[in-house]
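Down below is the structure, laid out as structure tokens.
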Amino acid sequence: MPLDRPLEIRGLGYAYGEGALRKTVLRDIDLSVEPGEIVLLTGPSGSGKTTLLTLIGALRAMQEGSCRVLGQELMGAPEAARVALRRRIGFIFQQHNLLGFLTAQQNVAMALELQPGLREAERLSRATAMLGAVGLGDRGPSRPSELSGGQRQRVAVARALVGDPGLVLADEPTAALDRQSGGEVARLLRDLARSQGVPILMVTHDPRILDIADRIIAMEDGRILPTTRAEAAGGG
């Protein structure tokens, strides 16, 4: 496999529960993402998309197969290695998960707190610059309650990208937004990721944003289906 491929999965399987209650949710998943590529995961609820994303993001321990993320093999990886990997991944979720008692600038700067050697002034400076990149250069002092839904999600995008991640994982980042705001956030994420050369793997049910993808992958019943862009767009 190419050494610089940010994501390479082979034969991944995952199940919840034990014994008679065991339920298989992912079956024999093969998936790779190239540098700078934007890949959308679509499919019905319960098809395993979010579980797959949490495994790639090192939020769960692997059970079966191989999952190599940013050069780190996750099968059998100790918790310390998974924690270290999570610091190199940008996460964006449906709910922005901003801390209400912090300003937009402080919320973004928090993502840099675990980076060694960065003083507070530099963290805040980088947060301000990233807020400017998402079109919120004048809203750094604002708290989340003073921002619209679209603006809060832009702050979440800034937080995910400010640490120069090697991979961005997004789970339904536009689902809670109206049509205009959702489209703006999706295109902003695409443009920023491409300018930084960062690959994105995004779970979405939103047909309005399929045009940002380099590739669309459909899942059903825990498997990846062979599909085309048109089929994915029409399948809901």
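Labels used: A, B, ... for chains in the order of the structure tokens, numbers from 1 for residues in each chain, and numbers from 1 for ligands as shown.
Using only C-alpha atoms, the protein and nucleic acid residues lying no more than 12 Å from Arg27 in chain A, apart from those fewer than 3 places from it along its own chain, are Ile9, Arg10, Gly11, Leu12, Gly13, Tyr14, Ala15, Lys23, Thr24, Asp30, Ser47, Gly48, Lys49, Thr51, Leu52, Gln63, Glu64, Gly65, Met219, Glu220, Asp221, Gly222, Arg223, Ile224 and Leu225 of chain A.
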Taking the backbone alone, and naming residues the way the document does, which bits of range 15-176 of chain A are strand (DSSP E or B) by DSSP, as an NGL selection string?
:A and (15-16 or 23-33 or 38-42 or 64-69 or 72-73 or 89-93 or 167-171)
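Using only C-alpha atoms, the shortest contact distance between Ile89 in chain A and any of A:Gly36, A:Gly76, A:Gly19, A:Pro199 is found at A:Pro199.
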Env of Arg143 in chain A: 10 Å cut, atoms = only C-alpha atoms, seq-sep filter 4 positions within chain, self excluded. Answer as a CSV table (one decimal) with C-alpha atoms, in the first residue's frame.
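part_14.csv written:
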chain,number,residue,atom,x,y,z
A,98,LEU,CA,-18.9,24.2,21.6
A,99,LEU,CA,-18.4,25.2,25.3
A,100,GLY,CA,-20.9,27.9,26.0
A,101,PHE,CA,-18.8,29.6,28.6
A,102,LEU,CA,-15.9,30.2,26.2
A,103,THR,CA,-15.7,32.6,23.3
A,104,ALA,CA,-15.5,31.4,19.7
A,105,GLN,CA,-11.8,32.2,19.8
A,106,GLN,CA,-11.3,30.2,23.0
A,107,ASN,CA,-13.2,27.2,21.7
A,139,ARG,CA,-16.7,37.1,15.9
A,147,LEU,CA,-24.0,33.0,17.0
A,152,ARG,CA,-21.5,27.8,15.4
Rank nothing, just name the residue among A:Val134, A:Ala175, A:Leu169, A:Val83 nearest to Val155 in chain A, using only C-alpha atoms.
A:Val134
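Among the candidates A:Leu210, A:Ile92, A:Leu177, A:Ala61, the one nearest to Ala80 in chain A when counting only C-alpha atoms is A:Ala61.
One distance worth recording is that between CA of Leu55 in chain A and CA of Glu34 in chain A, which is 18.1 Å.
In this comparison, which uses only C-alpha atoms, the residue of A:Ala109, A:Leu53, A:Ala77, A:Ala158 approaching Asp171 in chain A most closely is A:Leu53.
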Tell me which protein, DNA and RNA residues are within 9 Å of Gly166 in chain A, counting only C-alpha atoms, leaving out same-chain ones fewer than 5 positions away, and put them as a tab-separated table (two decimals) with N, CA and C atoms, in the first residue's frame.
chain	number	residue	atom	x	y	z
A	6	PRO	N	-3.54	8.22	3.76
A	6	PRO	CA	-3.95	8.53	5.13
A	6	PRO	C	-4.87	7.50	5.76
A	35	PRO	N	-4.63	11.10	-0.20
A	35	PRO	CA	-4.32	12.44	0.29
A	35	PRO	C	-5.17	13.50	-0.41
A	70	LEU	N	-3.17	7.35	9.18
A	70	LEU	CA	-2.01	8.24	9.30
A	70	LEU	C	-0.77	7.46	9.75
A	88	ARG	N	-4.24	13.92	16.10
A	88	ARG	CA	-3.87	14.24	14.72
A	88	ARG	C	-5.06	14.22	13.77
A	89	ILE	N	-6.26	14.03	14.32
A	89	ILE	CA	-7.47	13.96	13.52
A	89	ILE	C	-8.39	15.11	13.90
A	90	GLY	N	-9.00	15.74	12.90
A	90	GLY	CA	-10.00	16.77	13.15
A	90	GLY	C	-11.39	16.16	13.12
A	197	GLY	N	-4.73	20.50	1.79
A	197	GLY	CA	-4.39	19.15	1.38
A	197	GLY	C	-4.83	18.08	2.36
A	198	VAL	N	-5.89	18.37	3.13
A	198	VAL	CA	-6.36	17.44	4.16
A	198	VAL	C	-7.52	16.60	3.62
A	199	PRO	N	-7.44	15.27	3.72
A	199	PRO	CA	-8.56	14.44	3.28
A	199	PRO	C	-9.73	14.51	4.26
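If only C-alpha atoms are the atoms counted, then among A:Met62, A:Val39, A:Met130, A:Ile209 the closest residue to Leu74 in chain A is A:Met62.
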Using only C-alpha atoms, determine which residues lie at most 9 Å from Leu189 in chain A, disregarding the query and same-chain residues fewer than 6 positions distant; provide the list as a PyMOL selection string.
chain A and resi 134+154+157+200
Keeping N, CA and C atoms for every residue in the selection just given, could you write it to a file as a PDB file, in the first residue's frame?
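again.pdb, freshly written:
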ATOM      1  N   VAL A 134     -12.735  30.968   8.108  1.00  0.00           N
ATOM      2  CA  VAL A 134     -14.114  30.484   7.975  1.00  0.00           C
ATOM      3  C   VAL A 134     -15.119  31.631   7.929  1.00  0.00           C
ATOM      4  N   ARG A 154     -19.461  26.737  11.776  1.00  0.00           N
ATOM      5  CA  ARG A 154     -18.220  27.266  11.209  1.00  0.00           C
ATOM      6  C   ARG A 154     -17.114  27.289  12.266  1.00  0.00           C
ATOM      7  N   VAL A 157     -15.828  23.866  12.504  1.00  0.00           N
ATOM      8  CA  VAL A 157     -14.921  23.586  11.394  1.00  0.00           C
ATOM      9  C   VAL A 157     -13.539  24.182  11.685  1.00  0.00           C
ATOM     10  N   ILE A 200     -10.932  14.336   3.735  1.00  0.00           N
ATOM     11  CA  ILE A 200     -12.142  14.346   4.555  1.00  0.00           C
ATOM     12  C   ILE A 200     -12.915  13.064   4.313  1.00  0.00           C
TER      13      ILE A 200
END
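CA of Thr54 in chain A lies 26.4 Å from CA of Leu131 in chain A.
Closest to Arg68 in chain A among A:Leu114, A:Leu31, A:Ala218, A:Leu7 is A:Leu7, based on only C-alpha atoms.
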